[in-house]
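For reference, work_10.cif (mmCIF, C-alpha atoms and all ligand atoms):
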data_entry
#
loop_
_atom_site.label_atom_id
_atom_site.label_comp_id
_atom_site.auth_asym_id
_atom_site.auth_seq_id
_atom_site.Cartn_x
_atom_site.Cartn_y
_atom_site.Cartn_z
CA MET A 1 0.00 0.00 0.00
CA CYS A 2 2.96 2.31 0.52
CA TYR A 3 4.22 1.85 -3.03
CA PRO A 4 3.52 4.57 -5.62
CA LYS A 5 0.39 4.15 -7.76
CA VAL A 6 2.42 3.21 -10.86
CA ALA A 7 3.81 0.28 -8.89
CA GLY A 8 0.32 -0.90 -7.99
CA GLY A 9 0.20 0.71 -4.54
CA TRP A 10 -1.87 3.50 -2.99
CA ASN A 11 1.00 5.91 -2.34
CA ILE A 12 0.33 5.94 1.40
CA ILE A 13 3.31 7.15 3.41
CA ASN A 14 5.08 4.46 5.42
CA LEU A 15 5.26 6.40 8.68
CA GLU A 16 7.94 4.19 10.20
CA LEU A 17 10.29 4.82 7.26
CA TRP A 18 9.37 8.51 7.10
CA ASN A 19 10.23 8.80 10.79
CA LYS A 20 13.61 7.17 10.17
CA ALA A 21 14.29 9.67 7.36
CA ALA A 22 13.26 12.56 9.62
CA ILE A 23 15.63 11.37 12.38
CA CYS A 24 18.42 11.18 9.77
CA LYS A 25 17.75 14.84 9.01
CA GLN A 26 18.38 15.65 12.67
CA LEU A 27 21.71 13.83 12.41
CA TRP A 28 22.49 15.88 9.29
CA ASN A 29 21.61 19.02 11.31
CA VAL A 30 24.10 17.92 13.98
CA LEU A 31 26.83 17.60 11.33
CA LYS A 32 26.00 20.67 9.25
CA LYS A 33 24.28 23.28 11.43
CA LYS A 34 27.02 23.85 13.92
CA ASP A 35 25.85 27.39 14.68
CA LYS A 36 22.62 26.18 16.33
CA ILE A 37 22.73 26.15 20.09
CA TRP A 38 21.36 22.61 20.58
CA VAL A 39 23.88 21.28 18.04
CA ARG A 40 26.73 23.04 19.85
CA TRP A 41 25.51 21.47 23.07
CA ILE A 42 25.57 17.95 21.55
CA HIS A 43 29.07 18.54 20.18
CA GLY A 44 30.31 20.01 23.48
CA TYR A 45 28.86 17.35 25.77
CA TYR A 46 28.79 14.14 23.74
CA MET A 47 30.68 14.18 20.44
CA LYS A 48 33.81 16.05 21.57
CA GLN A 49 35.55 16.04 18.13
CA GLN A 50 34.88 12.30 17.67
CA ASP A 51 33.86 10.83 14.30
CA TRP A 52 30.06 10.43 14.13
CA LYS A 53 30.38 7.12 12.28
CA THR A 54 32.60 5.36 14.81
CA MET A 55 32.09 7.10 18.18
CA PRO A 56 30.35 5.04 20.90
CA ILE A 57 26.78 6.21 21.56
CA PRO A 58 26.98 7.76 25.07
CA SER A 59 24.95 5.62 27.46
CA GLN A 60 24.14 8.54 29.80
CA ALA A 61 22.74 10.70 26.95
CA ALA A 62 19.04 11.51 26.71
CA TRP A 63 16.84 9.15 24.65
CA VAL A 64 16.46 11.70 21.88
CA VAL A 65 20.23 12.22 21.55
CA LYS A 66 20.80 8.45 21.35
CA LYS A 67 18.15 8.21 18.62
CA ILE A 68 19.73 11.00 16.58
CA LEU A 69 23.26 9.63 16.84
CA GLY A 70 21.96 6.09 16.23
CA ALA A 71 20.47 7.22 12.87
CA ARG A 72 23.93 6.50 11.38
CA ASP A 73 22.82 2.83 11.24
CA TYR A 74 20.07 3.72 8.73
CA MET A 75 22.50 5.77 6.67
CA ALA A 76 24.96 2.86 6.66
CA THR A 77 22.36 0.73 4.85
CA LEU A 78 22.41 3.13 1.86
CA PRO A 79 25.15 2.94 -0.77
CA ASP A 80 25.38 6.76 -0.95
CA GLY A 81 24.62 7.41 2.74
CA ASP A 82 27.93 9.23 3.35
CA THR A 83 27.43 11.48 0.32
CA LEU A 84 23.94 12.45 1.50
CA MET A 85 25.40 13.53 4.84
CA GLU A 86 28.08 15.63 3.11
CA GLN A 87 25.61 17.56 0.93
CA ASP A 88 24.54 21.12 1.75
CA ASN A 89 20.84 20.27 1.45
CA PHE A 90 18.96 17.36 2.93
CA SER A 91 15.56 16.24 1.70
CA ILE A 92 13.55 13.91 3.95
CA LYS A 93 11.46 12.91 0.95
CA LYS A 94 14.47 11.90 -1.15
CA LEU A 95 15.88 9.84 1.70
CA TYR A 96 12.48 8.23 2.29
CA ILE A 97 12.34 7.16 -1.37
CA ALA A 98 15.89 5.80 -1.13
CA LEU A 99 15.05 3.82 2.03
CA ARG A 100 11.80 2.52 0.51
CA GLY A 101 13.45 1.47 -2.77
CA THR A 102 12.08 1.82 -6.29
CA PRO A 103 9.50 -0.89 -6.89
CA GLU A 104 8.74 -2.42 -10.25
CA LYS A 105 6.11 -0.71 -12.42
CA ARG A 106 2.79 -2.57 -12.76
CA ASN A 107 1.06 -2.12 -16.07
CA TRP A 108 -2.39 -2.72 -14.61
CA HIS A 109 -2.19 0.33 -12.34
CA HIS A 110 -4.39 2.38 -14.73
CA MET A 111 -7.16 -0.01 -13.81
CA ILE A 112 -7.09 1.52 -10.34
CA SER A 113 -5.49 4.95 -10.76
CA LYS A 114 -7.34 5.97 -13.96
CA SER A 115 -10.77 4.62 -13.13
CA ILE A 116 -13.97 6.43 -12.22
CA ALA A 117 -15.31 3.48 -10.21
CA ALA A 118 -16.24 4.02 -6.53
CA PRO A 119 -13.23 3.82 -4.16
CA LYS A 120 -14.72 0.83 -2.30
CA CYS A 121 -14.99 -1.06 -5.61
CA LEU A 122 -11.43 -0.14 -6.54
CA PHE A 123 -10.12 -1.38 -3.21
CA ILE A 124 -11.80 -4.78 -3.62
CA LEU A 125 -10.57 -4.98 -7.23
CA TRP A 126 -7.05 -4.12 -6.05
CA LEU A 127 -7.18 -6.94 -3.48
CA ALA A 128 -8.34 -9.31 -6.22
CA ILE A 129 -5.57 -8.25 -8.62
CA MET A 130 -3.02 -8.73 -5.84
CA LYS A 131 -4.63 -12.17 -5.22
CA ARG A 132 -5.31 -11.27 -1.60
CA MET A 133 -9.05 -12.02 -1.45
CA THR A 134 -9.95 -14.39 1.34
CA THR A 135 -11.63 -16.94 -0.92
CA CYS A 136 -12.04 -20.42 0.57
CA ASP A 137 -9.15 -21.96 -1.38
CA ARG A 138 -6.82 -19.39 0.23
CA LEU A 139 -8.33 -19.82 3.71
CA GLN A 140 -7.61 -23.55 3.36
CA LYS A 141 -3.93 -22.75 2.70
CA PHE A 142 -3.86 -20.80 5.99
CA GLY A 143 -5.23 -23.90 7.74
CA ILE A 144 -8.72 -22.43 8.26
CA GLN A 145 -11.38 -25.07 7.66
CA CYS A 146 -14.56 -23.90 5.92
CA ASP A 147 -17.08 -25.20 3.42
CA GLN A 148 -15.29 -24.75 0.09
CA THR A 149 -18.35 -25.02 -2.11
CA CYS A 150 -19.14 -21.82 -4.01
CA CYS A 151 -22.13 -20.24 -2.28
CA LEU A 152 -23.35 -18.58 -5.50
CA CYS A 153 -23.87 -21.75 -7.56
CA SER A 154 -23.41 -24.52 -4.92
CA GLN A 155 -21.30 -26.44 -7.45
CA GLY A 156 -17.68 -25.39 -7.90
CA ILE A 157 -14.89 -24.82 -5.39
CA GLU A 158 -14.68 -21.17 -4.34
CA SER A 159 -11.51 -19.70 -5.83
CA LEU A 160 -10.75 -16.29 -7.36
CA ASN A 161 -11.18 -17.64 -10.86
CA HIS A 162 -14.37 -19.51 -10.12
CA LEU A 163 -16.08 -16.87 -8.01
CA PHE A 164 -15.65 -13.97 -10.42
CA PHE A 165 -15.67 -15.61 -13.86
CA LEU A 166 -16.34 -19.33 -14.12
CA CYS A 167 -19.28 -19.44 -11.74
CA PRO A 168 -22.55 -19.59 -13.79
CA TYR A 169 -24.08 -16.96 -11.47
CA SER A 170 -21.20 -14.49 -12.04
CA ALA A 171 -21.00 -15.31 -15.75
CA ASN A 172 -24.68 -14.34 -16.10
CA VAL A 173 -24.09 -11.06 -14.28
CA TRP A 174 -21.10 -10.34 -16.56
CA ASP A 175 -23.00 -11.15 -19.73
CA LYS A 176 -26.05 -9.06 -18.83
CA LEU A 177 -24.03 -6.03 -17.79
CA ALA A 178 -21.59 -6.25 -20.70
CA MET A 179 -24.51 -6.32 -23.14
CA TRP A 180 -26.24 -3.45 -21.32
CA CYS A 181 -23.24 -1.10 -21.54
CA GLY A 182 -22.19 -2.17 -25.05
CA VAL A 183 -18.96 -3.97 -24.11
CA GLN A 184 -18.25 -6.60 -26.75
CA ARG A 185 -15.65 -8.50 -24.75
CA LYS A 186 -16.54 -11.76 -23.03
CA ALA A 187 -14.78 -12.16 -19.68
CA GLY A 188 -12.12 -14.89 -19.57
CA ALA A 189 -10.10 -16.25 -16.64
CA TRP A 190 -8.77 -13.83 -14.02
CA ASP A 191 -5.18 -13.73 -15.34
CA ASP A 192 -6.45 -13.21 -18.92
CA GLU A 193 -8.51 -10.24 -17.73
CA VAL A 194 -5.57 -8.64 -15.94
CA GLU A 195 -3.39 -9.22 -19.01
CA TYR A 196 -6.05 -7.65 -21.26
CA LEU A 197 -6.27 -4.62 -18.98
CA GLU A 198 -2.47 -4.29 -19.00
CA ARG A 199 -2.47 -4.24 -22.79
CA GLN A 200 -5.00 -1.38 -22.80
CA GLY A 201 -2.49 0.76 -20.87
CA ALA A 202 -3.44 4.31 -19.97
CA SER A 203 -6.11 4.65 -22.67
CA LYS A 204 -8.80 7.12 -21.58
CA THR A 205 -11.36 6.50 -24.29
CA GLY A 206 -14.98 6.29 -23.19
CA LYS A 207 -14.96 2.56 -24.03
CA GLN A 208 -11.95 1.85 -21.82
CA LEU A 209 -13.26 3.94 -18.93
CA MET A 210 -16.55 2.11 -19.22
CA TYR A 211 -14.79 -1.27 -19.20
CA ARG A 212 -12.74 -0.38 -16.11
CA LEU A 213 -15.89 0.85 -14.38
CA LEU A 214 -17.68 -2.38 -15.33
CA VAL A 215 -14.95 -4.70 -14.01
CA ALA A 216 -14.54 -2.86 -10.67
CA THR A 217 -18.30 -2.63 -10.08
CA ILE A 218 -18.98 -6.29 -10.89
CA VAL A 219 -16.09 -7.61 -8.77
CA TYR A 220 -17.29 -5.52 -5.82
CA HIS A 221 -20.94 -6.62 -6.08
CA ILE A 222 -20.13 -10.30 -6.56
CA TRP A 223 -17.86 -10.20 -3.53
CA ARG A 224 -20.61 -8.46 -1.52
CA GLU A 225 -23.17 -11.04 -2.60
CA ARG A 226 -20.79 -13.84 -1.62
CA ASN A 227 -20.32 -12.28 1.85
CA GLU A 228 -24.06 -11.71 2.33
CA ARG A 229 -24.71 -15.38 1.57
CA ARG A 230 -21.82 -16.72 3.62
CA PHE A 231 -22.18 -14.56 6.73
CA ASN A 232 -25.78 -13.29 6.77
CA SER A 233 -27.52 -16.17 4.93
CA LYS A 234 -29.15 -13.59 2.64
CA ALA A 235 -29.26 -14.46 -1.05
CA SER A 236 -30.22 -12.09 -3.87
CA HIS A 237 -31.21 -13.10 -7.36
CA GLU A 238 -28.69 -12.22 -10.05
CA GLU A 239 -31.15 -9.72 -11.52
CA SER A 240 -30.99 -7.77 -8.27
CA VAL A 241 -27.15 -7.73 -8.39
CA VAL A 242 -27.32 -6.57 -12.01
CA ARG A 243 -29.70 -3.74 -11.00
CA GLN A 244 -27.41 -2.60 -8.18
CA CYS A 245 -24.42 -2.63 -10.54
CA LYS A 246 -26.33 -0.60 -13.15
CA LEU A 247 -27.36 1.99 -10.59
CA MET A 248 -23.82 2.39 -9.28
CA MET A 249 -22.35 2.57 -12.79
CA VAL A 250 -24.79 5.28 -13.88
CA VAL A 251 -24.04 7.35 -10.75
CA ARG A 252 -20.26 7.00 -11.19
CA GLY A 253 -20.56 7.51 -14.96
CA GLU A 254 -21.72 11.08 -14.33
CA LEU A 255 -18.17 11.90 -13.22
CA ASN A 256 -16.90 11.58 -16.78
CA PRO A 257 -18.64 13.24 -19.77
CA LYS A 258 -17.51 10.47 -22.19
CA VAL A 259 -18.99 7.69 -20.06
CA HIS A 260 -22.07 9.74 -19.23
CA LYS A 261 -22.69 10.28 -22.95
CA MET A 262 -22.48 6.51 -23.55
CA PHE A 263 -25.18 5.92 -20.90
CA VAL A 264 -27.41 8.67 -22.29
CA ASN A 265 -27.14 7.22 -25.80
ZN ZN A 301 -20.03 -20.79 -8.28
#

As structure tokens:
Amino acid sequence: MCYPKVAGGWNIINLELWNKAAICKQLWNVLKKKDKIWVRWIHGYYMKQQDWKTMPIPSQAAWVVKKILGARDYMATLPDGDTLMEQDNFSIKKLYIALRGTPEKRNWHHMISKSIAAPKCLFILWLAIMKRMTTCDRLQKFGIQCDQTCCLCSQGIESLNHLFFLCPYSANVWDKLAMWCGVQRKAGAWDDEVEYLERQGASKTGKQLMYRLLVATIVYHIWRERNERRFNSKASHEESVVRQCKLMMVVRGELNPKVHKMFVN
């Protein structure tokens, strides 16, 4: 979740790493801002002309001083840590990015970052793309025993692929909604879908935006229906799921003139 959006994350700041980078800036202040009174105090009482990289951390020093001097351990993990400390400017953000590393780009990120679907739908879709949905086949791998039969069709084994595509219930929902919004494509297996979406790249045509909206909305509603059946013993007919999807798609479609126009037509 802390990766950038292009790497398939949500660009949420990793506070632990950010804190480390901020402490490193205090160490840089100690080395570079020798005119400040608190820095002079640290030099006078604790450092006493010793090298910051090798000096023992004074055991009697205050907690905060130990933390600042101990930040050298984080810098030691970076190949250019010494250079960063020598520079005349220090950016917490740049150090944070260096500590976090540069993750690999994910081509499907447009599916999440360039979609007009509701945030709750995008989050569920993101979990599905990352293969982190708690479907029964995964629960089994964690050693959690549960009835593995798909609760939508009472036939197949509940897996990501079955629940969202192969299940006759879901396939009907897909077909009806795809026909309704003029999408020609017939949904395949999960990996095929992700691959197809990767190939579409950042395209922002009305058709692509509509397709992204369709996928996120269907995945969310099928997952909700599965949870309603499994935990609340409430089952809805597929027509009702289709209606809920249509309503949500029309409401979200108003956010983009191209998609809105397609609904009006
Ligand atoms: Zn099923």

Using all atoms listed in the file, can you list as a ChimeraX atom specification the residues within 6 Å of (-25.1, -12.7, -9.8)? /A:169-170,173,238,241

Can you write out as a Markdown table which residues of chain A fall within 6 Å of ligand ZN 301 (chain A), alongside each residue's closest atom pair and its distance in Å to one decimal, counting all atoms listed in the file and ordering rows by chain and ascending residue number?
| residue | atom | partner | partner_atom | distance |
| --- | --- | --- | --- | --- |
| A:Cys150 | CA | A:ZN301 | ZN | 4.5 |
| A:Leu152 | CA | A:ZN301 | ZN | 4.9 |
| A:Cys153 | CA | A:ZN301 | ZN | 4.0 |
| A:Gln155 | CA | A:ZN301 | ZN | 5.9 |
| A:Gly156 | CA | A:ZN301 | ZN | 5.2 |
| A:Leu163 | CA | A:ZN301 | ZN | 5.6 |
| A:Cys167 | CA | A:ZN301 | ZN | 3.8 |

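One distance worth recording is that between atom CA of Gln244 of chain A and atom CA of Asn107 of chain A, which is 29.5 Å.
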
In Å, rounded to a single decimal, give me how far atom CA of Glu198 of chain A is from atom CA of His162 of chain A.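 Going from atom CA of His162 of chain A over to atom CA of Glu198 of chain A, I get 21.3 Å.
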
Can you measure atom CA of Ala21 of chain A to atom CA of Cys2 of chain A for me? One decimal in Å is fine. 15.1 Å

List as a PDB file with C-alpha atoms, in the coordinates of the input the protein and nucleic acid residues near Leu214 of chain A, meaning an atom at most 10 Å away when all atoms listed in the file are counted, but skip any in the same chain fewer than 2 places from it.
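part_21.pdb was written with the following content:
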ATOM      1  CA  ALA A 117     -15.310   3.480 -10.210  1.00  0.00           C
ATOM      2  CA  TRP A 174     -21.100 -10.340 -16.560  1.00  0.00           C
ATOM      3  CA  LEU A 177     -24.030  -6.030 -17.790  1.00  0.00           C
ATOM      4  CA  ALA A 178     -21.590  -6.250 -20.700  1.00  0.00           C
ATOM      5  CA  CYS A 181     -23.240  -1.100 -21.540  1.00  0.00           C
ATOM      6  CA  VAL A 183     -18.960  -3.970 -24.110  1.00  0.00           C
ATOM      7  CA  GLN A 208     -11.950   1.850 -21.820  1.00  0.00           C
ATOM      8  CA  LEU A 209     -13.260   3.940 -18.930  1.00  0.00           C
ATOM      9  CA  MET A 210     -16.550   2.110 -19.220  1.00  0.00           C
ATOM     10  CA  TYR A 211     -14.790  -1.270 -19.200  1.00  0.00           C
ATOM     11  CA  ARG A 212     -12.740  -0.380 -16.110  1.00  0.00           C
ATOM     12  CA  ALA A 216     -14.540  -2.860 -10.670  1.00  0.00           C
ATOM     13  CA  THR A 217     -18.300  -2.630 -10.080  1.00  0.00           C
ATOM     14  CA  ILE A 218     -18.980  -6.290 -10.890  1.00  0.00           C
ATOM     15  CA  VAL A 219     -16.090  -7.610  -8.770  1.00  0.00           C
ATOM     16  CA  CYS A 245     -24.420  -2.630 -10.540  1.00  0.00           C
ATOM     17  CA  LYS A 246     -26.330  -0.600 -13.150  1.00  0.00           C
ATOM     18  CA  MET A 248     -23.820   2.390  -9.280  1.00  0.00           C
ATOM     19  CA  MET A 249     -22.350   2.570 -12.790  1.00  0.00           C
TER      20      MET A 249
END

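Each of A:Met85, A:Ala71, A:Leu197, A:Leu247 was checked against Cys24 of chain A using all atoms listed in the file; the smallest atom-to-atom distance is that of A:Ala71.
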
Restricted to C-alpha atoms, what does segment 65-187 of chain A look like when written out as an mmCIF file, in the first residue's frame?
data_model
loop_
_atom_site.group_PDB
_atom_site.id
_atom_site.type_symbol
_atom_site.label_atom_id
_atom_site.label_comp_id
_atom_site.auth_asym_id
_atom_site.auth_seq_id
_atom_site.Cartn_x
_atom_site.Cartn_y
_atom_site.Cartn_z
ATOM 1 C CA VAL A 65 20.225 12.221 21.549
ATOM 2 C CA LYS A 66 20.796 8.449 21.355
ATOM 3 C CA LYS A 67 18.152 8.212 18.625
ATOM 4 C CA ILE A 68 19.728 11.000 16.576
ATOM 5 C CA LEU A 69 23.256 9.635 16.840
ATOM 6 C CA GLY A 70 21.960 6.090 16.229
ATOM 7 C CA ALA A 71 20.475 7.221 12.872
ATOM 8 C CA ARG A 72 23.927 6.505 11.380
ATOM 9 C CA ASP A 73 22.825 2.833 11.242
ATOM 10 C CA TYR A 74 20.069 3.716 8.726
ATOM 11 C CA MET A 75 22.501 5.768 6.665
ATOM 12 C CA ALA A 76 24.959 2.861 6.658
ATOM 13 C CA THR A 77 22.355 0.735 4.848
ATOM 14 C CA LEU A 78 22.407 3.133 1.858
ATOM 15 C CA PRO A 79 25.154 2.936 -0.769
ATOM 16 C CA ASP A 80 25.383 6.764 -0.950
ATOM 17 C CA GLY A 81 24.619 7.408 2.740
ATOM 18 C CA ASP A 82 27.929 9.231 3.355
ATOM 19 C CA THR A 83 27.426 11.480 0.321
ATOM 20 C CA LEU A 84 23.937 12.446 1.503
ATOM 21 C CA MET A 85 25.396 13.530 4.836
ATOM 22 C CA GLU A 86 28.075 15.630 3.109
ATOM 23 C CA GLN A 87 25.609 17.555 0.928
ATOM 24 C CA ASP A 88 24.536 21.118 1.751
ATOM 25 C CA ASN A 89 20.842 20.269 1.451
ATOM 26 C CA PHE A 90 18.961 17.365 2.926
ATOM 27 C CA SER A 91 15.563 16.241 1.703
ATOM 28 C CA ILE A 92 13.555 13.909 3.951
ATOM 29 C CA LYS A 93 11.458 12.913 0.949
ATOM 30 C CA LYS A 94 14.467 11.896 -1.153
ATOM 31 C CA LEU A 95 15.880 9.835 1.697
ATOM 32 C CA TYR A 96 12.477 8.235 2.290
ATOM 33 C CA ILE A 97 12.335 7.161 -1.374
ATOM 34 C CA ALA A 98 15.895 5.800 -1.128
ATOM 35 C CA LEU A 99 15.048 3.824 2.032
ATOM 36 C CA ARG A 100 11.800 2.518 0.513
ATOM 37 C CA GLY A 101 13.454 1.468 -2.765
ATOM 38 C CA THR A 102 12.080 1.817 -6.290
ATOM 39 C CA PRO A 103 9.496 -0.890 -6.886
ATOM 40 C CA GLU A 104 8.738 -2.423 -10.252
ATOM 41 C CA LYS A 105 6.107 -0.708 -12.424
ATOM 42 C CA ARG A 106 2.791 -2.570 -12.759
ATOM 43 C CA ASN A 107 1.061 -2.117 -16.073
ATOM 44 C CA TRP A 108 -2.391 -2.719 -14.608
ATOM 45 C CA HIS A 109 -2.193 0.328 -12.340
ATOM 46 C CA HIS A 110 -4.388 2.383 -14.730
ATOM 47 C CA MET A 111 -7.161 -0.009 -13.812
ATOM 48 C CA ILE A 112 -7.092 1.518 -10.336
ATOM 49 C CA SER A 113 -5.493 4.950 -10.755
ATOM 50 C CA LYS A 114 -7.343 5.971 -13.956
ATOM 51 C CA SER A 115 -10.770 4.624 -13.132
ATOM 52 C CA ILE A 116 -13.967 6.433 -12.222
ATOM 53 C CA ALA A 117 -15.311 3.484 -10.208
ATOM 54 C CA ALA A 118 -16.237 4.015 -6.535
ATOM 55 C CA PRO A 119 -13.226 3.823 -4.155
ATOM 56 C CA LYS A 120 -14.725 0.827 -2.295
ATOM 57 C CA CYS A 121 -14.992 -1.063 -5.612
ATOM 58 C CA LEU A 122 -11.427 -0.137 -6.544
ATOM 59 C CA PHE A 123 -10.124 -1.379 -3.212
ATOM 60 C CA ILE A 124 -11.803 -4.780 -3.619
ATOM 61 C CA LEU A 125 -10.574 -4.975 -7.227
ATOM 62 C CA TRP A 126 -7.052 -4.116 -6.052
ATOM 63 C CA LEU A 127 -7.180 -6.939 -3.485
ATOM 64 C CA ALA A 128 -8.341 -9.312 -6.224
ATOM 65 C CA ILE A 129 -5.567 -8.249 -8.625
ATOM 66 C CA MET A 130 -3.021 -8.733 -5.841
ATOM 67 C CA LYS A 131 -4.628 -12.172 -5.222
ATOM 68 C CA ARG A 132 -5.311 -11.272 -1.598
ATOM 69 C CA MET A 133 -9.050 -12.019 -1.448
ATOM 70 C CA THR A 134 -9.955 -14.387 1.340
ATOM 71 C CA THR A 135 -11.632 -16.943 -0.915
ATOM 72 C CA CYS A 136 -12.040 -20.423 0.573
ATOM 73 C CA ASP A 137 -9.148 -21.963 -1.377
ATOM 74 C CA ARG A 138 -6.816 -19.385 0.229
ATOM 75 C CA LEU A 139 -8.326 -19.825 3.707
ATOM 76 C CA GLN A 140 -7.607 -23.553 3.358
ATOM 77 C CA LYS A 141 -3.934 -22.751 2.701
ATOM 78 C CA PHE A 142 -3.855 -20.799 5.993
ATOM 79 C CA GLY A 143 -5.227 -23.902 7.735
ATOM 80 C CA ILE A 144 -8.721 -22.432 8.264
ATOM 81 C CA GLN A 145 -11.376 -25.069 7.660
ATOM 82 C CA CYS A 146 -14.562 -23.896 5.922
ATOM 83 C CA ASP A 147 -17.080 -25.200 3.421
ATOM 84 C CA GLN A 148 -15.288 -24.753 0.092
ATOM 85 C CA THR A 149 -18.351 -25.024 -2.107
ATOM 86 C CA CYS A 150 -19.135 -21.820 -4.007
ATOM 87 C CA CYS A 151 -22.127 -20.237 -2.281
ATOM 88 C CA LEU A 152 -23.350 -18.583 -5.496
ATOM 89 C CA CYS A 153 -23.865 -21.754 -7.556
ATOM 90 C CA SER A 154 -23.410 -24.523 -4.919
ATOM 91 C CA GLN A 155 -21.304 -26.438 -7.448
ATOM 92 C CA GLY A 156 -17.684 -25.385 -7.905
ATOM 93 C CA ILE A 157 -14.892 -24.818 -5.390
ATOM 94 C CA GLU A 158 -14.679 -21.172 -4.341
ATOM 95 C CA SER A 159 -11.508 -19.699 -5.832
ATOM 96 C CA LEU A 160 -10.748 -16.288 -7.357
ATOM 97 C CA ASN A 161 -11.182 -17.635 -10.857
ATOM 98 C CA HIS A 162 -14.372 -19.514 -10.119
ATOM 99 C CA LEU A 163 -16.078 -16.871 -8.008
ATOM 100 C CA PHE A 164 -15.649 -13.968 -10.416
ATOM 101 C CA PHE A 165 -15.668 -15.608 -13.857
ATOM 102 C CA LEU A 166 -16.341 -19.331 -14.122
ATOM 103 C CA CYS A 167 -19.281 -19.444 -11.741
ATOM 104 C CA PRO A 168 -22.553 -19.593 -13.789
ATOM 105 C CA TYR A 169 -24.077 -16.957 -11.469
ATOM 106 C CA SER A 170 -21.200 -14.488 -12.038
ATOM 107 C CA ALA A 171 -20.996 -15.307 -15.752
ATOM 108 C CA ASN A 172 -24.677 -14.341 -16.097
ATOM 109 C CA VAL A 173 -24.095 -11.056 -14.276
ATOM 110 C CA TRP A 174 -21.098 -10.337 -16.557
ATOM 111 C CA ASP A 175 -22.998 -11.148 -19.732
ATOM 112 C CA LYS A 176 -26.048 -9.063 -18.832
ATOM 113 C CA LEU A 177 -24.032 -6.032 -17.786
ATOM 114 C CA ALA A 178 -21.592 -6.247 -20.701
ATOM 115 C CA MET A 179 -24.511 -6.324 -23.139
ATOM 116 C CA TRP A 180 -26.239 -3.447 -21.316
ATOM 117 C CA CYS A 181 -23.236 -1.105 -21.544
ATOM 118 C CA GLY A 182 -22.186 -2.166 -25.047
ATOM 119 C CA VAL A 183 -18.956 -3.968 -24.113
ATOM 120 C CA GLN A 184 -18.245 -6.604 -26.745
ATOM 121 C CA ARG A 185 -15.650 -8.504 -24.749
ATOM 122 C CA LYS A 186 -16.544 -11.763 -23.030
ATOM 123 C CA ALA A 187 -14.777 -12.157 -19.683
#
